[in-house]
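Enquirer: Pasting query-v7.cif here (mmCIF, C-alpha atoms and all ligand atoms):
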```cif
data_coords
loop_
_atom_site.label_atom_id
_atom_site.label_comp_id
_atom_site.auth_asym_id
_atom_site.auth_seq_id
_atom_site.Cartn_x
_atom_site.Cartn_y
_atom_site.Cartn_z
CA MET A 22 6.47 -22.60 -9.03
CA PRO A 23 8.08 -22.45 -12.46
CA ALA A 24 11.83 -23.13 -12.46
CA LEU A 25 14.01 -20.07 -12.23
CA LEU A 26 16.18 -19.85 -15.32
CA PRO A 27 19.61 -18.16 -15.41
CA GLU A 28 18.36 -14.95 -17.02
CA GLU A 29 15.74 -14.40 -14.33
CA LEU A 30 18.16 -15.31 -11.58
CA VAL A 31 20.36 -12.38 -12.55
CA LYS A 32 17.49 -10.17 -11.45
CA TRP A 33 16.87 -12.27 -8.33
CA GLN A 34 20.50 -11.97 -7.31
CA PHE A 35 20.41 -8.25 -7.86
CA VAL A 36 17.31 -7.93 -5.65
CA GLU A 37 18.79 -10.24 -3.04
CA SER A 38 22.02 -8.32 -2.79
CA LYS A 39 20.26 -4.96 -2.48
CA VAL A 40 17.96 -6.34 0.21
CA LYS A 41 20.85 -7.89 2.16
CA ARG A 42 22.70 -4.60 2.16
CA VAL A 43 19.72 -2.85 3.73
CA LEU A 44 19.22 -5.59 6.33
CA GLN A 45 22.86 -5.27 7.30
CA ALA A 46 22.49 -1.52 7.61
CA TYR A 47 19.98 -2.17 10.40
CA ALA A 48 22.27 -4.73 12.06
CA PHE A 49 20.08 -7.73 11.31
CA GLN A 50 21.84 -11.12 11.19
CA GLU A 51 21.05 -14.10 9.03
CA ILE A 52 19.50 -17.32 10.34
CA ARG A 53 18.60 -20.44 8.31
CA THR A 54 16.01 -22.85 9.63
CA PRO A 55 14.69 -26.20 8.32
CA ILE A 56 12.09 -26.37 5.57
CA VAL A 57 10.33 -29.29 7.27
CA GLU A 58 8.94 -28.99 10.81
CA ARG A 59 6.40 -30.86 12.89
CA THR A 60 2.88 -29.99 11.74
CA GLU A 61 1.96 -29.23 15.32
CA LEU A 62 4.36 -26.27 15.39
CA PHE A 63 2.41 -24.49 12.67
CA GLN A 64 -0.95 -25.42 14.16
CA ARG A 65 0.06 -23.93 17.47
CA THR A 66 1.49 -20.70 16.06
CA ILE A 67 -0.39 -19.79 12.90
CA GLY A 68 -3.70 -21.09 14.28
CA GLN A 69 -5.96 -24.02 13.41
CA ASP A 70 -8.67 -21.92 11.78
CA THR A 71 -6.48 -19.85 9.52
CA ASP A 72 -6.58 -20.53 5.77
CA VAL A 73 -2.89 -21.36 5.90
CA VAL A 74 -3.24 -24.22 8.38
CA ALA A 75 -6.75 -25.39 7.51
CA LYS A 76 -6.37 -25.43 3.73
CA GLU A 77 -2.91 -24.63 2.49
CA MET A 78 -0.36 -26.82 4.28
CA TYR A 79 1.64 -29.58 2.67
CA SER A 80 1.56 -32.18 5.44
CA PHE A 81 2.62 -35.81 5.43
CA ASN A 82 3.41 -38.59 7.87
CA ASP A 83 6.96 -39.83 8.16
CA ARG A 84 7.87 -43.48 8.71
CA LYS A 85 7.02 -43.24 12.39
CA ASN A 86 3.65 -41.64 11.70
CA GLN A 87 4.80 -38.26 12.90
CA SER A 88 2.98 -35.54 10.99
CA LEU A 89 5.42 -33.15 9.32
CA SER A 90 4.78 -30.13 7.12
CA LEU A 91 6.65 -28.05 4.60
CA ARG A 92 6.93 -24.62 6.18
CA PRO A 93 4.23 -22.18 5.01
CA GLU A 94 5.97 -19.25 6.75
CA ALA A 95 9.17 -18.56 8.65
CA THR A 96 8.39 -17.15 12.08
CA ALA A 97 7.38 -20.42 13.74
CA GLY A 98 10.62 -22.12 12.69
CA VAL A 99 12.77 -19.18 13.79
CA ILE A 100 11.17 -19.20 17.23
CA ARG A 101 11.53 -22.95 17.58
CA ALA A 102 15.21 -22.71 16.71
CA GLY A 103 15.62 -19.69 19.00
CA ILE A 104 14.13 -21.49 21.97
CA GLU A 105 16.21 -24.60 21.28
CA HIS A 106 19.46 -22.61 21.14
CA GLY A 107 18.73 -20.17 23.96
CA LEU A 108 18.66 -17.13 21.69
CA PHE A 109 15.97 -15.37 23.71
CA TYR A 110 17.59 -15.69 27.09
CA ASN A 111 18.50 -12.24 28.45
CA GLN A 112 19.26 -10.79 25.06
CA THR A 113 17.73 -9.14 22.05
CA GLN A 114 17.88 -10.56 18.54
CA LYS A 115 17.47 -9.09 15.10
CA LEU A 116 17.31 -11.88 12.55
CA TRP A 117 16.58 -12.27 8.87
CA SER A 118 16.21 -15.26 6.61
CA MET A 119 15.38 -15.95 3.04
CA GLY A 120 14.03 -19.09 1.44
CA PRO A 121 11.19 -21.11 -0.06
CA MET A 122 7.75 -21.43 1.57
CA TYR A 123 4.97 -23.83 0.59
CA ARG A 124 1.23 -23.29 0.45
CA TYR A 125 -1.38 -25.30 -1.39
CA GLU A 126 -3.09 -22.43 -3.20
CA ARG A 127 -4.55 -21.95 -6.65
CA PRO A 128 -1.46 -21.05 -8.69
CA GLN A 129 -1.64 -17.80 -10.68
CA LYS A 130 0.59 -14.83 -11.36
CA GLY A 131 2.07 -13.73 -8.04
CA ARG A 132 0.68 -16.77 -6.22
CA TYR A 133 2.57 -20.03 -6.26
CA ARG A 134 2.69 -23.24 -4.28
CA GLN A 135 6.39 -22.84 -3.74
CA PHE A 136 7.31 -19.19 -3.31
CA HIS A 137 10.05 -17.30 -1.55
CA GLN A 138 10.07 -14.90 1.33
CA ILE A 139 12.54 -12.57 2.96
CA ASN A 140 11.75 -12.60 6.67
CA MET A 141 12.82 -10.23 9.36
CA GLU A 142 12.23 -10.92 13.06
CA ALA A 143 13.25 -8.97 16.13
CA PHE A 144 12.95 -10.30 19.68
CA GLY A 145 13.08 -8.65 23.08
CA TYR A 146 12.28 -5.08 22.08
CA GLN A 147 9.24 -3.86 24.02
CA GLY A 148 8.64 -0.39 22.63
CA PRO A 149 7.27 0.80 19.31
CA GLN A 150 10.74 1.86 18.14
CA ILE A 151 11.41 -1.58 16.69
CA ASP A 152 8.03 -1.57 14.89
CA LEU A 153 9.15 1.72 13.39
CA GLU A 154 12.52 0.28 12.44
CA MET A 155 10.89 -2.66 10.60
CA ILE A 156 8.82 -0.24 8.58
CA LEU A 157 11.76 2.08 7.89
CA MET A 158 13.85 -0.90 6.83
CA THR A 159 11.25 -2.18 4.38
CA SER A 160 10.73 1.34 3.08
CA ARG A 161 14.47 1.61 2.47
CA ILE A 162 14.38 -1.69 0.55
CA TRP A 163 11.71 -0.28 -1.80
CA LYS A 164 13.85 2.81 -2.33
CA ALA A 165 17.00 0.79 -2.99
CA LEU A 166 15.10 -1.10 -5.69
CA LYS A 167 13.38 2.03 -7.06
CA VAL A 168 9.96 0.59 -6.29
CA ASN A 169 7.61 3.53 -5.88
CA ALA A 170 4.10 2.23 -6.34
CA ILE A 171 3.81 0.82 -2.86
CA GLU A 172 1.72 1.94 0.10
CA LEU A 173 1.68 1.23 3.77
CA GLU A 174 -1.41 0.20 5.74
CA ILE A 175 -1.28 -0.19 9.49
CA ASN A 176 -3.53 -1.19 12.33
CA SER A 177 -3.31 -2.25 15.94
CA LEU A 178 -4.84 -5.46 17.23
CA GLY A 179 -4.10 -4.62 20.85
CA THR A 180 -2.84 -6.85 23.64
CA SER A 181 -4.46 -10.23 24.17
CA THR A 182 -6.62 -8.65 26.91
CA SER A 183 -8.00 -5.91 24.68
CA ARG A 184 -8.50 -8.43 21.91
CA GLN A 185 -10.75 -10.44 24.24
CA ALA A 186 -12.96 -7.38 24.75
CA TYR A 187 -13.13 -6.76 21.02
CA ARG A 188 -13.81 -10.40 20.30
CA LYS A 189 -16.91 -10.25 22.47
CA VAL A 190 -18.30 -7.23 20.64
CA LEU A 191 -17.50 -8.79 17.31
CA VAL A 192 -19.27 -12.04 18.15
CA GLU A 193 -22.36 -10.05 19.16
CA TYR A 194 -22.29 -8.13 15.89
CA PHE A 195 -21.87 -11.15 13.63
CA SER A 196 -24.40 -13.19 15.65
CA ASP A 197 -26.97 -10.49 14.92
CA HIS A 198 -26.28 -11.04 11.20
CA LYS A 199 -25.91 -14.79 11.25
CA SER A 200 -27.95 -15.36 8.10
CA ASP A 201 -25.53 -13.21 6.08
CA LEU A 202 -22.47 -15.25 7.05
CA ASP A 203 -20.94 -17.67 4.55
CA GLU A 204 -20.02 -21.21 5.56
CA ASP A 205 -16.43 -20.43 6.57
CA SER A 206 -17.46 -17.44 8.63
CA THR A 207 -20.23 -19.34 10.40
CA LYS A 208 -17.61 -21.81 11.56
CA ARG A 209 -15.24 -19.05 12.57
CA LEU A 210 -17.89 -17.25 14.57
CA VAL A 211 -17.43 -19.96 17.16
CA SER A 212 -13.78 -20.88 16.75
CA ASN A 213 -12.08 -17.61 15.78
CA PRO A 214 -14.37 -14.64 15.04
CA MET A 215 -11.59 -12.18 14.14
CA ARG A 216 -10.72 -14.42 11.20
CA ILE A 217 -14.05 -13.38 9.63
CA LEU A 218 -12.54 -9.95 9.01
CA ASP A 219 -9.87 -11.63 6.88
CA SER A 220 -12.49 -13.24 4.61
CA LYS A 221 -11.80 -12.85 0.89
CA ASN A 222 -15.46 -13.46 -0.04
CA PRO A 223 -16.78 -10.28 -1.74
CA GLU A 224 -20.35 -11.08 -0.64
CA MET A 225 -19.20 -10.59 2.93
CA GLY A 226 -17.68 -7.19 2.12
CA ASN A 227 -20.55 -5.03 3.31
CA LEU A 228 -21.08 -6.90 6.52
CA ILE A 229 -17.37 -6.74 7.32
CA SER A 230 -17.00 -3.05 6.59
CA ASN A 231 -19.86 -2.25 9.00
CA ALA A 232 -18.38 -4.33 11.81
CA PRO A 233 -17.09 -2.57 14.96
CA ASN A 234 -13.53 -1.22 14.73
CA ILE A 235 -10.83 -2.90 16.75
CA THR A 236 -9.08 0.42 17.35
CA ASP A 237 -12.09 1.54 19.44
CA TYR A 238 -11.41 -1.27 21.90
CA LEU A 239 -7.69 -0.90 22.53
CA ASP A 240 -6.40 -0.69 26.10
CA THR A 241 -4.25 2.31 27.08
CA GLU A 242 -0.98 0.44 26.65
CA SER A 243 -1.81 -0.57 23.08
CA GLU A 244 -3.20 2.85 22.31
CA ASP A 245 -0.01 4.60 23.50
CA HIS A 246 2.17 2.14 21.63
CA PHE A 247 0.23 2.74 18.43
CA ALA A 248 0.13 6.53 18.85
CA THR A 249 3.91 6.67 19.30
CA LEU A 250 4.39 4.56 16.20
CA THR A 251 2.10 6.60 13.96
CA ASN A 252 3.61 9.83 15.26
CA SER A 253 7.15 8.58 14.57
CA LEU A 254 6.17 7.51 11.06
CA GLU A 255 4.95 11.02 10.40
CA GLN A 256 8.24 12.44 11.70
CA HIS A 257 10.07 10.17 9.27
CA ASN A 258 7.82 11.25 6.41
CA ILE A 259 6.51 7.76 5.85
CA SER A 260 2.94 8.06 4.68
CA PHE A 261 0.47 5.41 5.76
CA GLN A 262 -3.17 4.52 5.73
CA LEU A 263 -4.92 3.44 8.91
CA ASN A 264 -6.93 0.32 8.13
CA PRO A 265 -9.00 -0.98 11.06
CA ARG A 266 -9.94 -4.09 9.00
CA LEU A 267 -6.36 -5.22 8.69
CA VAL A 268 -6.07 -8.36 10.82
CA ARG A 269 -3.58 -10.42 8.74
CA GLY A 270 -3.96 -14.08 7.87
CA LEU A 271 -2.17 -15.56 10.87
CA ASP A 272 -3.47 -15.74 14.41
CA TYR A 273 -0.43 -14.78 16.42
CA TYR A 274 -0.33 -11.02 16.00
CA THR A 275 -0.70 -8.49 18.84
CA LYS A 276 -0.63 -4.68 18.75
CA THR A 277 0.92 -3.39 15.51
CA VAL A 278 0.17 -5.06 12.19
CA PHE A 279 1.08 -3.66 8.79
CA GLU A 280 1.05 -4.43 5.09
CA TRP A 281 2.71 -2.88 2.08
CA THR A 282 0.49 -3.12 -0.98
CA THR A 283 0.79 -2.13 -4.62
CA ASP A 284 -1.67 -1.49 -7.45
CA GLN A 285 0.78 -2.87 -10.01
CA LEU A 286 0.25 -6.60 -9.49
CA GLY A 287 -3.49 -7.09 -9.97
CA SER A 288 -5.21 -8.94 -7.17
CA GLN A 289 -1.94 -10.23 -5.67
CA ALA A 290 -1.44 -6.81 -4.12
CA THR A 291 0.36 -7.47 -0.85
CA VAL A 292 4.12 -7.35 -1.19
CA CYS A 293 4.98 -7.43 2.50
CA GLY A 294 3.10 -8.12 5.70
CA GLY A 295 3.98 -8.28 9.35
CA GLY A 296 3.39 -7.20 12.89
CA ARG A 297 4.04 -7.81 16.57
CA TYR A 298 3.67 -11.19 18.23
CA ASP A 299 4.32 -10.49 21.90
CA ASP A 300 2.89 -13.77 23.25
CA LEU A 301 4.22 -16.21 20.70
CA VAL A 302 7.59 -17.20 22.14
CA LYS A 303 6.08 -17.92 25.53
CA GLN A 304 3.19 -19.75 23.95
CA LEU A 305 5.71 -22.09 22.31
CA GLY A 306 7.39 -22.84 25.61
CA GLY A 307 10.09 -20.19 25.55
CA GLN A 308 10.82 -17.11 27.63
CA ASP A 309 8.26 -14.35 27.96
CA VAL A 310 9.88 -12.31 25.22
CA CYS A 311 8.10 -10.09 22.75
CA GLY A 312 8.65 -10.14 19.02
CA VAL A 313 7.94 -8.34 15.81
CA GLY A 314 8.44 -9.52 12.26
CA CYS A 315 7.50 -9.19 8.64
CA ALA A 316 7.79 -11.10 5.40
CA ILE A 317 8.35 -9.85 1.89
CA GLY A 318 7.04 -11.97 -0.99
CA PHE A 319 10.13 -12.26 -3.16
CA GLU A 320 8.36 -13.06 -6.45
CA ARG A 321 6.01 -10.12 -6.05
CA LEU A 322 8.79 -7.74 -5.11
CA THR A 323 10.99 -8.84 -8.00
CA GLU A 324 8.07 -8.40 -10.39
CA LEU A 325 7.94 -4.74 -9.34
CA VAL A 326 11.62 -4.15 -9.98
CA GLU A 327 12.41 -2.73 -13.42
CA VAL A 328 14.93 -4.52 -15.59
CA LEU A 329 18.26 -2.95 -14.88
CA SER A 330 21.30 -2.18 -16.92
CA LYS A 331 24.20 -4.61 -16.72
CA LYS A 332 26.17 -2.15 -14.66
CA GLU A 333 23.37 -1.71 -12.15
CA GLN A 334 23.02 -5.46 -11.95
CA ASN A 335 26.68 -5.53 -11.03
CA MET A 336 27.29 -8.38 -13.43
CA GLN A 337 30.72 -9.90 -13.75
CA PRO A 338 32.79 -8.80 -16.73
CA LYS A 339 32.99 -11.74 -19.12
CA ILE A 340 35.90 -12.95 -21.22
CA TYR A 341 35.76 -15.59 -23.97
CA ILE A 342 38.83 -17.48 -25.05
CA VAL A 343 38.97 -18.43 -28.71
CA ALA A 344 41.50 -21.13 -29.50
CA VAL A 345 42.16 -22.47 -33.03
CA GLY A 346 44.79 -24.99 -34.04
CA ASP A 347 46.68 -27.95 -32.65
CA ASP A 348 47.55 -27.84 -28.97
CA THR A 349 45.76 -24.56 -28.39
CA GLU A 350 43.10 -26.13 -26.15
CA LEU A 351 45.49 -26.82 -23.31
CA HIS A 352 46.94 -23.35 -23.67
CA ALA A 353 43.42 -21.92 -23.44
CA SER A 354 42.67 -23.62 -20.13
CA LEU A 355 46.06 -22.64 -18.71
CA LEU A 356 45.36 -19.05 -19.67
CA ALA A 357 41.84 -19.13 -18.23
CA GLU A 358 43.17 -20.44 -14.92
CA LYS A 359 45.79 -17.70 -14.86
CA ILE A 360 43.09 -15.06 -15.27
CA ARG A 361 40.96 -16.65 -12.52
CA ASP A 362 44.02 -16.87 -10.24
CA THR A 363 44.72 -13.19 -10.68
CA ASN A 364 41.21 -11.82 -10.43
CA GLU A 365 38.14 -13.84 -9.45
CA GLU A 366 35.87 -11.00 -10.53
CA TYR A 367 36.10 -12.04 -14.17
CA ALA A 368 33.85 -14.73 -15.63
CA VAL A 369 36.00 -16.68 -18.08
CA GLU A 370 34.61 -19.04 -20.66
CA ILE A 371 36.80 -21.07 -22.98
CA ASN A 372 35.77 -22.39 -26.33
CA MET A 373 35.46 -26.15 -26.15
CA ASP A 374 35.31 -28.77 -28.91
CA GLY A 375 37.10 -26.77 -31.58
CA GLY A 376 35.59 -25.05 -34.60
CA SER A 377 36.85 -22.41 -37.04
CA PHE A 378 37.63 -18.83 -35.99
CA LYS A 379 34.31 -17.77 -37.41
CA GLN A 380 32.36 -20.42 -35.54
CA GLN A 381 34.16 -19.66 -32.29
CA PHE A 382 33.58 -15.93 -32.60
CA ARG A 383 29.90 -16.58 -33.17
CA LYS A 384 29.84 -18.51 -29.89
CA ALA A 385 31.79 -15.73 -28.19
CA ASP A 386 29.18 -13.15 -29.29
CA LYS A 387 26.36 -15.38 -28.12
CA SER A 388 27.98 -15.86 -24.71
CA GLY A 389 27.47 -12.20 -23.85
CA SER A 390 31.21 -11.66 -23.34
CA GLU A 391 32.68 -8.21 -23.69
CA LEU A 392 36.13 -9.41 -24.68
CA ALA A 393 37.67 -12.26 -26.68
CA ILE A 394 41.22 -13.46 -26.17
CA VAL A 395 42.46 -15.27 -29.25
CA ILE A 396 44.98 -18.10 -29.24
CA GLY A 397 46.46 -19.59 -32.43
CA GLU A 398 49.52 -21.70 -33.13
CA GLU A 399 51.45 -18.70 -34.37
CA GLU A 400 50.54 -16.63 -31.33
CA ILE A 401 51.75 -19.37 -28.98
CA GLN A 402 55.09 -19.55 -30.77
CA GLN A 403 55.63 -15.82 -30.52
CA GLY A 404 54.28 -15.40 -27.01
CA ASN A 405 51.42 -13.27 -28.30
CA LEU A 406 47.64 -13.21 -27.93
CA GLY A 407 44.84 -11.70 -29.97
CA PHE A 408 42.75 -9.12 -28.12
CA LYS A 409 39.29 -8.40 -29.54
CA PRO A 410 36.58 -6.28 -27.89
CA LEU A 411 33.21 -7.81 -28.75
CA MET A 412 30.50 -5.33 -27.96
CA ILE A 413 32.09 -2.28 -29.52
CA ASP A 414 33.29 -1.81 -33.08
CA GLN A 415 37.04 -2.23 -32.64
CA GLU A 416 39.67 -4.20 -34.57
CA GLN A 417 41.55 -7.12 -33.08
CA THR A 418 45.00 -6.19 -31.80
CA THR A 419 47.99 -8.29 -30.82
CA ILE A 420 49.32 -8.13 -27.28
CA LYS A 421 52.19 -9.80 -25.45
CA GLU A 422 50.97 -12.70 -23.33
CA GLU A 423 52.88 -11.39 -20.32
CA ASN A 424 50.84 -8.15 -20.50
CA LEU A 425 47.50 -9.97 -20.57
CA MET A 426 46.21 -9.07 -17.11
CA GLN A 427 47.26 -5.48 -17.48
CA GLU A 428 45.42 -5.22 -20.81
CA ILE A 429 42.31 -6.93 -19.43
CA ASN A 430 42.17 -4.70 -16.37
CA ARG A 431 42.64 -1.61 -18.48
CA PHE A 432 39.92 -2.71 -20.90
CA PHE A 433 37.35 -3.24 -18.14
CA THR A 434 38.12 -0.12 -16.15
CA GLU A 435 38.12 2.28 -19.12
P1 LIG B 501 -2.22 -13.10 0.46
O1 LIG B 501 -3.30 -12.29 1.11
O2 LIG B 501 -1.73 -12.51 -0.84
O3 LIG B 501 -2.56 -14.55 0.36
P2 LIG B 501 -0.89 -13.63 2.92
O4 LIG B 501 -1.49 -12.72 3.90
O5 LIG B 501 -1.36 -15.04 2.85
O6 LIG B 501 -0.97 -12.99 1.46
P3 LIG B 501 1.59 -13.64 4.36
O7 LIG B 501 1.36 -14.89 5.06
O8 LIG B 501 1.51 -12.36 5.06
O9 LIG B 501 0.68 -13.60 3.03
O10 LIG B 501 3.03 -13.72 3.62
C1 LIG B 501 3.83 -12.57 3.38
C2 LIG B 501 4.01 -12.30 1.90
O11 LIG B 501 4.37 -13.47 1.20
C3 LIG B 501 2.76 -11.83 1.21
O12 LIG B 501 2.55 -10.48 1.41
C4 LIG B 501 3.06 -12.14 -0.24
O13 LIG B 501 3.87 -11.13 -0.80
C5 LIG B 501 3.87 -13.40 -0.13
N1 LIG B 501 3.03 -14.58 -0.42
C6 LIG B 501 2.14 -15.20 0.39
N2 LIG B 501 1.60 -16.27 -0.20
C7 LIG B 501 2.17 -16.34 -1.44
C8 LIG B 501 2.05 -17.25 -2.55
N3 LIG B 501 1.26 -18.31 -2.50
N4 LIG B 501 2.80 -17.00 -3.66
C9 LIG B 501 3.64 -15.95 -3.72
N5 LIG B 501 3.80 -15.08 -2.71
C10 LIG B 501 3.09 -15.25 -1.58
MG MG B 502 -2.62 -16.16 1.66
#
```
Let me see whether you can do it: turn the structure in this file into structure tokens.

Expert:
Amino acid sequence: MPALLPEELVKWQFVESKVKRVLQAYAFQEIRTPIVERTELFQRTIGQDTDVVAKEMYSFNDRKNQSLSLRPEATAGVIRAGIEHGLFYNQTQKLWSMGPMYRYERPQKGRYRQFHQINMEAFGYQGPQIDLEMILMTSRIWKALKVNAIELEINSLGTSTSRQAYRKVLVEYFSDHKSDLDEDSTKRLVSNPMRILDSKNPEMGNLISNAPNITDYLDTESEDHFATLTNSLEQHNISFQLNPRLVRGLDYYTKTVFEWTTDQLGSQATVCGGGRYDDLVKQLGGQDVCGVGCAIGFERLTELVEVLSKKEQNMQPKIYIVAVGDDTELHASLLAEKIRDTNEEYAVEINMDGGSFKQQFRKADKSGSELAIVIGEEEIQQGNLGFKPLMIDQEQTTIKEENLMQEINRFFTE
């Protein structure tokens, strides 16, 4: 991943703060989990035959020959932490986290080896209402960021029982077309046939699109769950596309799965993906508690967000202190501290290492400050300060030092 430079981070912080606001509006709480976990944790959750575990993990042995991995996704770590701290015992949880993930992939635009995700997970909610809430919440995030070119695809993978039934049919189908399978899919036919549907190989496209549909093999429970969800989405005016081929790249999903995709980012089209994982907590040794979660790719989302005006970005007002003459440097730092003491909202930069008025004003302009406060020997003697707006055409005026905060506040609120 390329380093994130200050200019870009302004946009990142804007996106982050908008997203956090929405998450809070749905009463989700933040959790932070380790970046490094035992490799086994990811093998057991994501699945041995998934691309993520088989090809994309950064794994290494520590000094005691324990295999550890950089996390490729967040859910496994959240569940491990939840089990360890008793978060699933007789209670529900709505959690979010944000941070870097690592996958050994071919780097390109929208696909990096270190990338960032915003993750939402909810535990202990049986019904489809929480699936709906996840989708409404993500939809609200797109709206808050004025991202319009984004579409929802959903599918149901059923309970583990109905998946077994589908798996059987699928194996029969692909076995009948064995000679058309690529190497990966031939392997998966034995180990994990549903993974074949997730193949990115275009030569497999035809075969995959003619495969039996999972939605024809759902049990009543899964069918009802899915019908309630799709009906509720309609009531909320959220449009969606049913996609029976949507299986997602990780093994742990049950019932609802969904993806938000865009046509604005070339082939890196998926901005957010998620679904239910009703068996996962138990499978990892925890309570029998259901879960649902999704992850937004932060780089892809941010790429979709238009550059915003300073005001929309909620950037701090910036003040530059110009100080020319003997003993003005100390006065400048005293003044800067006074401003920071009074109001932490202002970003204050003082001129360091001297220079003429002209040189200092050039630096002030370059700093992106809206206002310069000017200190000279004469001003100090008379208890005055120079006050010069930088981004508008306005002459420098002289103000009394004791009125400084008043003048600053007035300038920035006008
Ligand atoms: P893709 O099909 O694009 O590889 P995925 O199914 O592997 O995505 P998930 O595991 O569902 O991705 O992760 C959720 C989101 O994280 C994705 O929708 C995407 O926005 C983002 N993401 C995944 N891998 C990367 C990556 N290597 N670089 C940047 N973003 C990524
Ligand atoms: Mg992937």

Enquirer: I'd like to know which of A:Ile429, A:Leu25, A:Cys315, A:Leu271 is closest to ligand MG 502 (chain B), using all atoms listed in the file.

Expert: A:Leu271

Enquirer: With a cut-off of 6 Å, could you pull out the residues of chain A touching ligand LIG 501 (chain B) and give me the nearest pair of atoms for each, distance in Å to one decimal, using only C-alpha atoms and all ligand atoms, ordered by chain and ascending number, as CSV?

Expert:
```
residue,atom,partner,partner_atom,distance
A:Arg124,CA,B:LIG501,N3,5.8
A:Gly131,CA,B:LIG501,C9,5.1
A:Arg132,CA,B:LIG501,N4,3.3
A:Tyr133,CA,B:LIG501,N4,4.0
A:Arg134,CA,B:LIG501,N3,5.4
A:Phe136,CA,B:LIG501,C9,4.9
A:Gln138,CA,B:LIG501,O11,5.9
A:Arg269,CA,B:LIG501,O4,5.8
A:Gly270,CA,B:LIG501,O4,4.9
A:Gln289,CA,B:LIG501,O2,5.3
A:Thr291,CA,B:LIG501,O12,4.4
A:Val292,CA,B:LIG501,O13,3.8
A:Cys293,CA,B:LIG501,O12,4.0
A:Gly294,CA,B:LIG501,O8,4.6
A:Ala316,CA,B:LIG501,C1,4.7
A:Ile317,CA,B:LIG501,C2,5.0
A:Gly318,CA,B:LIG501,O13,3.3
A:Arg321,CA,B:LIG501,O13,5.8
```

Enquirer: Pick out the closest residue to ligand MG 502 (chain B) from this set: A:Asp219, A:Asp205, A:Asp347, A:Glu428. Count all atoms listed in the file.

Expert: A:Asp219

Enquirer: Please check which protein, DNA or RNA residues sit within 8 Å of ligand MG 502 (chain B), counting only C-alpha atoms and all ligand atoms, and write them as a list in words.

Expert: Asp72, Val73, Glu126 and Gly270 of chain A

Enquirer: If you keep C-alpha atoms, can you produce a file of those selected residues as a PDB file, in the coordinates of the input?

Expert:
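Written out: again00.pdb:
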```
ATOM      1  CA  ASP A  72      -6.580 -20.530   5.770  1.00  0.00           C
ATOM      2  CA  VAL A  73      -2.890 -21.360   5.900  1.00  0.00           C
ATOM      3  CA  GLU A 126      -3.090 -22.430  -3.200  1.00  0.00           C
ATOM      4  CA  GLY A 270      -3.960 -14.080   7.870  1.00  0.00           C
TER       5      GLY A 270
END
```

Enquirer: Between atom CA of A:Phe382 and atom CA of A:Gln415, what is the distance, to one decimal in Å?

Expert: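 Atom-to-atom, atom CA of A:Phe382 to atom CA of A:Gln415, that is 14.1 Å.
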
Enquirer: To one decimal place, how far is atom CA of A:Arg65 from atom CA of A:Ser118 in Å?

Expert: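 For atom CA of A:Arg65 relative to atom CA of A:Ser118, the distance reads 21.3 Å.
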
Enquirer: Expressed in Å to a single decimal, how great is the separation between atom CA of A:Val190 and atom CA of A:Ala232?

Expert: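 Between atom CA of A:Val190 and atom CA of A:Ala232 the gap works out to 9.3 Å.
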
Enquirer: Need the shell around A:Leu178: protein/DNA/RNA residues with any atom at most 8 Å away, counting only C-alpha atoms. Skip same-chain ones fewer than 5 positions apart. Format as a list in words?

Expert: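 Final neighbour list, sorted by chain and number: Arg184, Ile235, Thr236, Leu239, Val268, Tyr274, Thr275, Lys276, Thr277 and Val278 of chain A.
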
Enquirer: Is it possible to get the axis-aligned box enclosing stretch 343-352 of chain A (all listed atoms, 8 Å extra per side) as lines of an AutoDock Vina configuration file, with centre and edge lengths in Å rounded to one decimal?

Expert:
```
center_x = 43.3
center_y = -23.2
center_z = -28.7
size_x = 24.6
size_y = 25.5
size_z = 26.7
```

Enquirer: Taking 2 positions as the minimum chain separation for residues in the same chain, which residues sit within 6 Å of stretch 362-372 of chain A when counting all atoms listed in the file? Answer as a PyMOL selection string.

Expert: chain A and resi 337-343+358-360

Enquirer: Hey, could you make a per-residue contact list for stretch 34-70 of chain A against stretch 156-165 of chain A with 12 Å as the cut-off, showing the nearest pair of atoms and its distance in Å to one decimal, counting all atoms listed in the file, sorted by chain and number, as a Markdown table?

Expert:
```
| residue | atom | partner | partner_atom | distance |
| --- | --- | --- | --- | --- |
| A:Phe35 | CA | A:Ala165 | CA | 10.8 |
| A:Val36 | CA | A:Ala165 | CA | 9.1 |
| A:Glu37 | CA | A:Ile162 | CA | 10.3 |
| A:Ser38 | CA | A:Ala165 | CA | 10.4 |
| A:Lys39 | CA | A:Ala165 | CA | 6.6 |
| A:Val40 | CA | A:Ile162 | CA | 5.9 |
| A:Lys41 | CA | A:Ile162 | CA | 9.1 |
| A:Arg42 | CA | A:Ile162 | CA | 9.0 |
| A:Val43 | CA | A:Ile162 | CA | 6.3 |
| A:Leu44 | CA | A:Met158 | CA | 7.1 |
| A:Gln45 | CA | A:Met158 | CA | 10.0 |
| A:Ala46 | CA | A:Met158 | CA | 8.7 |
| A:Tyr47 | CA | A:Met158 | CA | 7.2 |
| A:Ala48 | CA | A:Met158 | CA | 10.6 |
| A:Phe49 | CA | A:Met158 | CA | 10.3 |
```

Enquirer: Counting all atoms listed in the file, which of A:Leu406, A:Leu267, A:Leu89, A:Met141 gets nearest to A:Glu174?

Expert: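 Of A:Leu406, A:Leu267, A:Leu89, A:Met141, the one nearest A:Glu174 is A:Leu267, counting all atoms listed in the file.
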
Enquirer: Rank A:Val345, A:Leu228, A:Val57, A:Cys311 by their smallest atom-to-atom distance to A:Tyr146, using only C-alpha atoms, and report the top residue only.

Expert: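 Closest residue, counting only C-alpha atoms: A:Cys311.
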